[in-house]
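Q: Mind having a look at this structure? Questions to follow.
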Amino acid sequence: MHAKIKTALIDIVGEENFTDDLIDLVSYSYDGSQHKHRPNCAVWPDTPQRVSEILMLANAERVPVIARGAGTSLSGMAVPAKGGIVLDLSHMNKILKISIEDRLAVVQPGVVYADLEKALVPYGFFFPPDPASGKVATLGGNVATNAGGLKGAKYGTTRDYVLGIQVVLPDGRIMRTGSKAMKSVSGYDLTRLFVGSEGTLGVVTEITLKINPKPTATSTALATFDKLDDAGRAVSRIMYSGIIPSALEILGRHTILAINQDTDLNLPEVDAMILVETDGYTQAETDYQIQKVVDVFVENNATEIKRAETEEEAVELWAARKSAYGVLARIRTHFVLEDVTVPMGNIADLLKGIEAIAKAHNLQIATFGHAGDGNLHPQILYDGYDPDEVKRVEAASADLFRLAIDLEGTLTGEHGIGLSKAPFMSLEHDPVAMEVMQTIKQTFDPNNILNPGKMALER
Amino acid sequence: MEAKYDFARKYREQILKCSKCGFCQAACPVYGSTIRPALNARGKMLILKEVMDGEIELNDALIETLFQCTTCASCFENCPSGVNVPEIIKQVRKDMVHIGSCHPAFEGMNAVLKKHTNIYAEDEPEDFERPRNQKADIIYFIGCVGSYREEEATMAALDLLDRLGVDYTLIDEVCCSGVLEDVGYQINADLVKINIERILATGARKVITGCPYCWRTFKTRSAYAELLNRGVEILHMTEFLTEFNLDVRTEKRVTYHDPCDLGRHCGVYEQPRATIRKIAPNFVEMPSNRENALCCGAGGGVRGAFAKNSIAMARRRLKEAEEVDAEVVLTACNSCIHNLSNAKLRKQKFKIYTTTEFINKLMEENS
């Protein structure tokens, strides 16, 4: 990087908040995906004004800027694909306001999801979209990637909770969008445009989030199915039952086998296992809901059904699902965790399709995920030092995306496009949609300094 | 291709298993007080992966992160992939020392223990006015911090043993030198030999240590295996105390800080609590406790090498004590006491003691 730019950045943030030390450059080269690229430097700004000055400078000098939170993204969106300045926002980590009467919280982008959760506990409130990385992921990152989580089926994703943002545009202008009111139909919905834009349009420096009262009761049950079709049909029939579970998770056969190899949980080795949780405010209410779901399991040939009678039993039922990611992460040296999503009625077809793809490419693919909103996580396990296997993984991923689109689904339910899925954007979006997206990018960021190389936005 | 370094030979598979999820960030005390991901366990594993792949060199540029780890193991505890980061860090430090890249404070520790019998290079040991090198069933082994920095806590522990009518002796102990293994060197065989000889010479069947690190060193390092082979039982003071009925009580709001060496490294969580609950019915847990306890910031050579960040880690820990309105913070490690006491702010009104010191104080007040 040009010495002049380094000096200018230090003038803005101070010596102690600038780094081009090797250790920082290495750590900012990665996120949770398999992608990697070195930035030129990183800065730790602490105010929107400083963010604005940095962007003004970068825009004038045509240097890429990559906003970053905890770097837990799984598709490469935090990887500085074209080098440049990493803007680590995790020092802007204050909860600015919690207003129960207005049902909202105002936070800086570097606030960790779990810290907001903790701050809301005394009020009996929570922020529902709970990514698995919530202990470390920042809310700025959650907004930039429109993060989802286990409770997506009932409570939606981050998008459904962002009332407004303060955002710095690439030319340094600071803009406020949305409103602190619960409802607003005033002008274009600029807020939603930025949610999930993966840092390509602006840098979010303040977020106003809607919060929910936290349900105080839950019921939990688990069912196993010898046949995938039965499990798939059960998921569809739950939708007819009038109940929306707060969690409806599925584990496929290969995930179950892997868990049995690595733990002493001794799960029945069946085609599918479905875990369901209902929530509400009295035990009678949640028990009523879970019974309706259990009835559906029975009608659809569940082999075994367990209902948790106590909190400890609920924890036991959750153990398999909670261990899935870790167990699968240990098996081989590398993995890709996908998040293809289809209409709920197509879950069984998606699961079957994934198995066929695994077979065709001779790969180990273990699947689990959120059946309640049609979002599955096929985890492809492989050795990244074996070039032949890497090729097969790439081919399998491409097949997986085609399968999801064929089943009227989407490339990504919650992890985002980033670098991993950029080449597949046109599978899902028609040429007109692609052109409109590129035009929007051009309008906000004509010099393409913000997170370049992502989301197939370059013409 | 043959790996260039021992850390790669021993831990390549483990390092590759780091899935880069970053979940360790929630637990790492160094990250928590610096908010700098390069210092987090994930940052360290990425750096080592690049070293293994030949993309970067193992050299002085990496000292700031590879030597800045308290080896508290909270990352290991929280790692979905089960990567044993503290063991990897200890090994890579040895590799770095081997090639001449080492933090000067760490080099100093090794040099000091070549010339002196304790980590502080103090030549005049405190006498503690107790029998030494006598025949006895029990030895109380103080450790360097207790001998030269936290003498009051040690004196109180010895007073307590007297009150409980325990027949024990001190010995002319030398540093157990276990810490050298953490900071890139080997345990000092000369010092080990002296300790073993002096312990065995007393005919003692039990060694009670005041320091969890000495305790862990005696119990787990092969250099000290002779003690166990000769049937000498090694107990930390906390374990020893569970044998006694303590006839004192406090109404104060008391909390307990888990030392990493006792807790995450050896799984001793409940015994210290059982003792404290007997004397303090108003016991309260800090938000992070047991396997999730925040580290005091002193371990792994960090206090000597990165003093400012070490104190910042201790401050974070004490903030939790403040959050639960504790009046007394107890722990079972002189090193934790030392760092926490140094970090305590004037406005923080709670007192910090070892559990032993606190019990002795209550007994003193009662008598």
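Just so we're on the same page: first chain in the structure tokens is A, next is B, and so on; residues restart at 1 for each chain, and ligands are numbered from 1 in the order they show up.
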Would you give me, as a ChimeraX atom specification, the residues of chain A that come within 9 Å of chain B, using only C-alpha atoms?

A: /A:21-28,30-34,70-74,90-91,133-137,323,325-335

Q: Can you write out the residues you just picked, keeping N, CA and C atoms, as an mmCIF file, in the first residue's frame?

A:
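Dumped to out12.cif:
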data_model
loop_
_atom_site.group_PDB
_atom_site.id
_atom_site.type_symbol
_atom_site.label_atom_id
_atom_site.label_comp_id
_atom_site.auth_asym_id
_atom_site.auth_seq_id
_atom_site.Cartn_x
_atom_site.Cartn_y
_atom_site.Cartn_z
ATOM 1 N N ASP A 21 0.756 -5.153 10.526
ATOM 2 C CA ASP A 21 1.571 -6.247 11.055
ATOM 3 C C ASP A 21 1.167 -7.553 10.376
ATOM 4 N N LEU A 22 2.150 -8.393 10.140
ATOM 5 C CA LEU A 22 1.883 -9.663 9.464
ATOM 6 C C LEU A 22 0.792 -10.476 10.185
ATOM 7 N N ILE A 23 0.871 -10.514 11.526
ATOM 8 C CA ILE A 23 -0.089 -11.375 12.236
ATOM 9 C C ILE A 23 -1.531 -10.920 11.982
ATOM 10 N N ASP A 24 -1.735 -9.611 11.892
ATOM 11 C CA ASP A 24 -3.092 -9.119 11.628
ATOM 12 C C ASP A 24 -3.490 -9.379 10.178
ATOM 13 N N LEU A 25 -2.544 -9.180 9.273
ATOM 14 C CA LEU A 25 -2.860 -9.402 7.854
ATOM 15 C C LEU A 25 -3.240 -10.866 7.621
ATOM 16 N N VAL A 26 -2.545 -11.780 8.281
ATOM 17 C CA VAL A 26 -2.896 -13.202 8.132
ATOM 18 C C VAL A 26 -4.301 -13.422 8.675
ATOM 19 N N SER A 27 -4.549 -12.930 9.882
ATOM 20 C CA SER A 27 -5.843 -13.263 10.481
ATOM 21 C C SER A 27 -7.005 -12.613 9.720
ATOM 22 N N TYR A 28 -6.784 -11.450 9.117
ATOM 23 C CA TYR A 28 -7.852 -10.811 8.333
ATOM 24 C C TYR A 28 -7.943 -11.344 6.903
ATOM 25 N N TYR A 30 -8.885 -14.322 6.254
ATOM 26 C CA TYR A 30 -9.820 -15.453 6.273
ATOM 27 C C TYR A 30 -11.160 -15.064 6.891
ATOM 28 N N ASP A 31 -12.154 -15.911 6.653
ATOM 29 C CA ASP A 31 -13.354 -15.915 7.479
ATOM 30 C C ASP A 31 -13.652 -17.394 7.763
ATOM 31 N N GLY A 32 -14.910 -17.762 7.923
ATOM 32 C CA GLY A 32 -15.210 -19.161 8.227
ATOM 33 C C GLY A 32 -15.254 -20.054 6.990
ATOM 34 N N SER A 33 -14.978 -19.495 5.811
ATOM 35 C CA SER A 33 -15.050 -20.278 4.569
ATOM 36 C C SER A 33 -13.661 -20.776 4.187
ATOM 37 N N GLN A 34 -13.547 -21.385 3.002
ATOM 38 C CA GLN A 34 -12.251 -21.870 2.533
ATOM 39 C C GLN A 34 -11.502 -20.812 1.726
ATOM 40 N N ALA A 70 -17.045 -10.249 13.275
ATOM 41 C CA ALA A 70 -16.295 -11.338 13.898
ATOM 42 C C ALA A 70 -15.663 -12.264 12.851
ATOM 43 N N GLY A 71 -15.986 -12.035 11.568
ATOM 44 C CA GLY A 71 -15.382 -12.875 10.531
ATOM 45 C C GLY A 71 -15.824 -14.326 10.605
ATOM 46 N N THR A 72 -17.104 -14.543 10.934
ATOM 47 C CA THR A 72 -17.603 -15.918 11.008
ATOM 48 C C THR A 72 -18.349 -16.319 9.741
ATOM 49 N N SER A 73 -18.372 -15.433 8.752
ATOM 50 C CA SER A 73 -19.134 -15.719 7.535
ATOM 51 C C SER A 73 -18.624 -16.981 6.859
ATOM 52 N N LEU A 74 -19.547 -17.707 6.219
ATOM 53 C CA LEU A 74 -19.215 -19.023 5.682
ATOM 54 C C LEU A 74 -19.098 -19.035 4.167
ATOM 55 N N SER A 90 -15.349 -4.195 15.176
ATOM 56 C CA SER A 90 -15.694 -4.804 16.468
ATOM 57 C C SER A 90 -15.357 -3.944 17.681
ATOM 58 N N HIS A 91 -14.652 -2.841 17.447
ATOM 59 C CA HIS A 91 -14.428 -1.921 18.578
ATOM 60 C C HIS A 91 -15.629 -0.995 18.796
ATOM 61 N N SER A 133 -23.498 -18.980 15.321
ATOM 62 C CA SER A 133 -22.267 -18.297 15.726
ATOM 63 C C SER A 133 -22.546 -17.145 16.683
ATOM 64 N N GLY A 134 -23.768 -17.095 17.229
ATOM 65 C CA GLY A 134 -24.207 -15.933 18.017
ATOM 66 C C GLY A 134 -23.338 -15.550 19.203
ATOM 67 N N LYS A 135 -22.550 -16.507 19.715
ATOM 68 C CA LYS A 135 -21.671 -16.171 20.832
ATOM 69 C C LYS A 135 -20.584 -15.186 20.414
ATOM 70 N N VAL A 136 -20.246 -15.194 19.134
ATOM 71 C CA VAL A 136 -19.156 -14.330 18.667
ATOM 72 C C VAL A 136 -19.562 -13.365 17.551
ATOM 73 N N ALA A 137 -20.564 -13.744 16.745
ATOM 74 C CA ALA A 137 -20.927 -12.944 15.576
ATOM 75 C C ALA A 137 -21.438 -11.571 16.015
ATOM 76 N N SER A 323 -24.595 -31.226 18.575
ATOM 77 C CA SER A 323 -23.235 -31.748 18.373
ATOM 78 C C SER A 323 -22.893 -31.879 16.884
ATOM 79 N N TYR A 325 -22.538 -30.007 14.094
ATOM 80 C CA TYR A 325 -21.514 -29.207 13.427
ATOM 81 C C TYR A 325 -20.109 -29.599 13.885
ATOM 82 N N GLY A 326 -19.950 -29.690 15.206
ATOM 83 C CA GLY A 326 -18.632 -30.007 15.759
ATOM 84 C C GLY A 326 -18.147 -31.382 15.335
ATOM 85 N N VAL A 327 -19.042 -32.360 15.426
ATOM 86 C CA VAL A 327 -18.686 -33.724 15.059
ATOM 87 C C VAL A 327 -18.245 -33.763 13.597
ATOM 88 N N LEU A 328 -19.022 -33.126 12.744
ATOM 89 C CA LEU A 328 -18.715 -33.169 11.311
ATOM 90 C C LEU A 328 -17.430 -32.402 11.009
ATOM 91 N N ALA A 329 -17.188 -31.337 11.793
ATOM 92 C CA ALA A 329 -15.988 -30.529 11.556
ATOM 93 C C ALA A 329 -14.706 -31.314 11.844
ATOM 94 N N ARG A 330 -14.812 -32.365 12.664
ATOM 95 C CA ARG A 330 -13.604 -33.084 13.080
ATOM 96 C C ARG A 330 -13.220 -34.211 12.136
ATOM 97 N N ILE A 331 -14.165 -34.643 11.299
ATOM 98 C CA ILE A 331 -13.944 -35.895 10.576
ATOM 99 C C ILE A 331 -12.818 -35.813 9.545
ATOM 100 N N ARG A 332 -12.849 -34.766 8.720
ATOM 101 C CA ARG A 332 -11.788 -34.610 7.707
ATOM 102 C C ARG A 332 -11.087 -33.269 7.939
ATOM 103 N N THR A 333 -10.050 -32.999 7.129
ATOM 104 C CA THR A 333 -9.314 -31.751 7.354
ATOM 105 C C THR A 333 -10.109 -30.527 6.885
ATOM 106 N N HIS A 334 -10.985 -30.696 5.900
ATOM 107 C CA HIS A 334 -11.725 -29.552 5.372
ATOM 108 C C HIS A 334 -13.210 -29.883 5.258
ATOM 109 N N PHE A 335 -14.012 -28.837 5.224
ATOM 110 C CA PHE A 335 -15.420 -29.041 4.893
ATOM 111 C C PHE A 335 -16.018 -27.781 4.283
#

Q: What lies within 10 Å of segment 387-391 of chain A using only C-alpha atoms, ignoring chain neighbours under 4 positions off, as JSON, numbers by chain?

A: {"A": [334, 361, 362, 363, 381, 382, 383, 395, 396, 397]}

Q: Write out as a list in words each polymer residue whose atoms come within 9 Å of Ala73 of chain B, counting only C-alpha atoms; drop sequence neighbours fewer than 5 positions from it.

A: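 The neighbour list is Cys28, Asn78, Asn84, Val85, Pro86, Cys260, Arg264 and His265 of chain B.
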
Q: Taking 4 positions as the minimum chain separation for residues in the same chain, which residues sit within 10 Å of Arg317 of chain B when counting only C-alpha atoms? Answer as a short mmCIF file (atom, residue, chain, number, x, y, z; two decimals) with C-alpha atoms, in the first residue's frame.

A:
data_model
loop_
_atom_site.label_atom_id
_atom_site.label_comp_id
_atom_site.auth_asym_id
_atom_site.auth_seq_id
_atom_site.Cartn_x
_atom_site.Cartn_y
_atom_site.Cartn_z
CA PRO B 29 -9.18 -13.79 27.46
CA HIS B 257 -12.52 -17.64 40.78
CA MET B 286 -19.73 -15.06 38.72
CA PRO B 287 -21.37 -15.08 35.26
CA SER B 288 -18.51 -17.12 33.86
CA ALA B 293 -14.34 -19.12 33.91
CA LEU B 294 -12.43 -16.13 32.60
CA CYS B 295 -8.68 -16.41 33.06
CA CYS B 296 -6.94 -14.00 35.45
CA GLY B 297 -4.44 -13.25 32.69
CA ILE B 311 -3.77 -6.66 33.89
CA ALA B 312 -6.57 -5.88 31.42
CA MET B 313 -7.58 -9.56 31.55
CA ALA B 321 -17.12 -9.99 40.68
CA GLU B 322 -18.48 -6.45 40.73
CA LEU B 340 -6.16 -9.96 40.49
CA ALA B 343 -5.61 -5.21 38.85
CA LYS B 344 -8.13 -4.26 41.54
#

Q: From segment 329-412 of chain A, collect each residue whose DSSP state is alpha helix (DSSP H) and return the set as a PyMOL selection string.

A: chain A and resi 329-331+347-360+387-406

Q: Could you list, as a PDB file with N, CA and C atoms, in the first residue's frame, every residue within 8 Å of Val329 of chain B, counting only C-alpha atoms and ignoring same-chain residues fewer than 5 positions away?

A:
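Now in selection_2.pdb:
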ATOM      1  N   VAL B 254     -19.806 -14.146  49.009  1.00  0.00           N
ATOM      2  CA  VAL B 254     -18.503 -14.657  48.588  1.00  0.00           C
ATOM      3  C   VAL B 254     -18.603 -15.280  47.195  1.00  0.00           C
ATOM      4  N   THR B 255     -17.598 -15.035  46.360  1.00  0.00           N
ATOM      5  CA  THR B 255     -17.565 -15.710  45.062  1.00  0.00           C
ATOM      6  C   THR B 255     -16.222 -16.416  44.892  1.00  0.00           C
ATOM      7  N   TYR B 256     -16.132 -17.268  43.884  1.00  0.00           N
ATOM      8  CA  TYR B 256     -14.914 -18.063  43.692  1.00  0.00           C
ATOM      9  C   TYR B 256     -14.437 -17.961  42.242  1.00  0.00           C
ATOM     10  N   HIS B 257     -13.151 -17.687  42.103  1.00  0.00           N
ATOM     11  CA  HIS B 257     -12.522 -17.639  40.778  1.00  0.00           C
ATOM     12  C   HIS B 257     -11.779 -18.956  40.533  1.00  0.00           C
ATOM     13  N   ALA B 321     -16.915  -9.949  39.219  1.00  0.00           N
ATOM     14  CA  ALA B 321     -17.120  -9.991  40.678  1.00  0.00           C
ATOM     15  C   ALA B 321     -17.970  -8.792  41.095  1.00  0.00           C
ATOM     16  N   PHE B 350     -14.538  -5.021  47.143  1.00  0.00           N
ATOM     17  CA  PHE B 350     -14.402  -6.405  47.597  1.00  0.00           C
ATOM     18  C   PHE B 350     -12.946  -6.714  47.974  1.00  0.00           C
ATOM     19  N   LYS B 351     -12.777  -7.770  48.780  1.00  0.00           N
ATOM     20  CA  LYS B 351     -11.438  -8.215  49.174  1.00  0.00           C
ATOM     21  C   LYS B 351     -11.108  -9.488  48.389  1.00  0.00           C
ATOM     22  N   ILE B 352      -9.829  -9.675  48.124  1.00  0.00           N
ATOM     23  CA  ILE B 352      -9.397 -10.868  47.378  1.00  0.00           C
ATOM     24  C   ILE B 352      -8.473 -11.713  48.263  1.00  0.00           C
ATOM     25  N   TYR B 353      -8.824 -12.964  48.450  1.00  0.00           N
ATOM     26  CA  TYR B 353      -7.989 -13.865  49.256  1.00  0.00           C
ATOM     27  C   TYR B 353      -7.913 -15.230  48.595  1.00  0.00           C
TER      28      TYR B 353
END

Q: Segment 200-205 of chain A: which residues within 7 Å, counting only C-alpha atoms, same-chain residues fewer than 2 positions away excluded, as a PyMOL selection string?

A: chain A and resi 48+67+108-109+140+165-170+194+197-198+207+441+444-445+450-451

Q: Quick one: of B:Lys49, B:Lys10, B:Arg149, B:Lys206, who's nearest to Asp95 of chain B, counting only C-alpha atoms?

A: B:Lys10

Q: With a cut-off of 10 Å, could you pull out the residues of segment 95-181 of chain A touching segment 370-380 of chain A and give me the nearest pair of atoms for each, distance in Å to one decimal, using only C-alpha atoms, ordered by chain and ascending number, as CSV?

A:
residue,atom,partner,partner_atom,distance
A:Gly148,CA,A:Asn375,CA,10.0
A:Gly149,CA,A:His370,CA,8.3
A:Leu150,CA,A:His370,CA,6.5
A:Lys151,CA,A:His370,CA,8.5
A:Gly152,CA,A:Asp373,CA,6.6
A:Ala153,CA,A:Asp373,CA,4.7
A:Lys154,CA,A:Gly372,CA,8.1
A:Gly156,CA,A:Asp373,CA,9.0

Q: Grab the residues selected above and save them as a CSV table (one decimal), in the first residue's frame with C-alpha atoms.

A:
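So the final result, stored in result.csv, reads:
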chain,number,residue,atom,x,y,z
A,148,GLY,CA,-30.9,-16.5,10.2
A,149,GLY,CA,-30.8,-19.2,12.8
A,150,LEU,CA,-32.7,-22.0,14.5
A,151,LYS,CA,-35.8,-20.0,15.1
A,152,GLY,CA,-36.2,-18.8,11.5
A,153,ALA,CA,-39.3,-20.8,10.8
A,154,LYS,CA,-41.4,-19.0,13.4
A,156,GLY,CA,-37.9,-15.0,10.6

Q: May I ask which of the residues A:Thr412, A:Phe368, A:Ile98, A:Leu9 is the closest one to Ile259 of chain A, counting only C-alpha atoms?

A: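 The answer is A:Phe368, which sits nearest to Ile259 of chain A.
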
Q: Can you tell me how far atom CA of Ala223 of chain B sits from atom CA of Tyr5 of chain B, in Å to one decimal?

A: 23.7 Å

Q: Could you tell me how far atom CA of Leu222 of chain A lies from atom CA of Gln283 of chain A, in Å and to one decimal?

A: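 Atom CA of Gln283 of chain A lies 17.7 Å from atom CA of Leu222 of chain A.
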
Q: One decimal, in Å: what's the spacing between atom CA of Pro213 of chain A and atom CA of Phe127 of chain A?

A: 8.7 Å

Q: List the neighbours of Gly409 of chain A out to 8 Å using only C-alpha atoms; skip same-chain residues closer than 2 positions along the sequence, and give me the result as a PDB file with C-alpha atoms, in the first residue's frame.

A:
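Wrote out_35.pdb, looks like this:
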ATOM      1  CA  VAL A 340     -29.457 -24.482   0.188  1.00  0.00           C
ATOM      2  CA  THR A 341     -33.097 -23.758   0.915  1.00  0.00           C
ATOM      3  CA  VAL A 342     -36.283 -25.004  -0.720  1.00  0.00           C
ATOM      4  CA  PRO A 343     -40.015 -24.699  -0.096  1.00  0.00           C
ATOM      5  CA  ALA A 404     -31.957 -26.338  -5.067  1.00  0.00           C
ATOM      6  CA  ILE A 405     -32.986 -24.116  -7.958  1.00  0.00           C
ATOM      7  CA  ASP A 406     -34.734 -27.043  -9.704  1.00  0.00           C
ATOM      8  CA  LEU A 407     -36.696 -27.572  -6.495  1.00  0.00           C
ATOM      9  CA  LEU A 411     -28.695 -20.920  -3.391  1.00  0.00           C
TER      10      LEU A 411
END
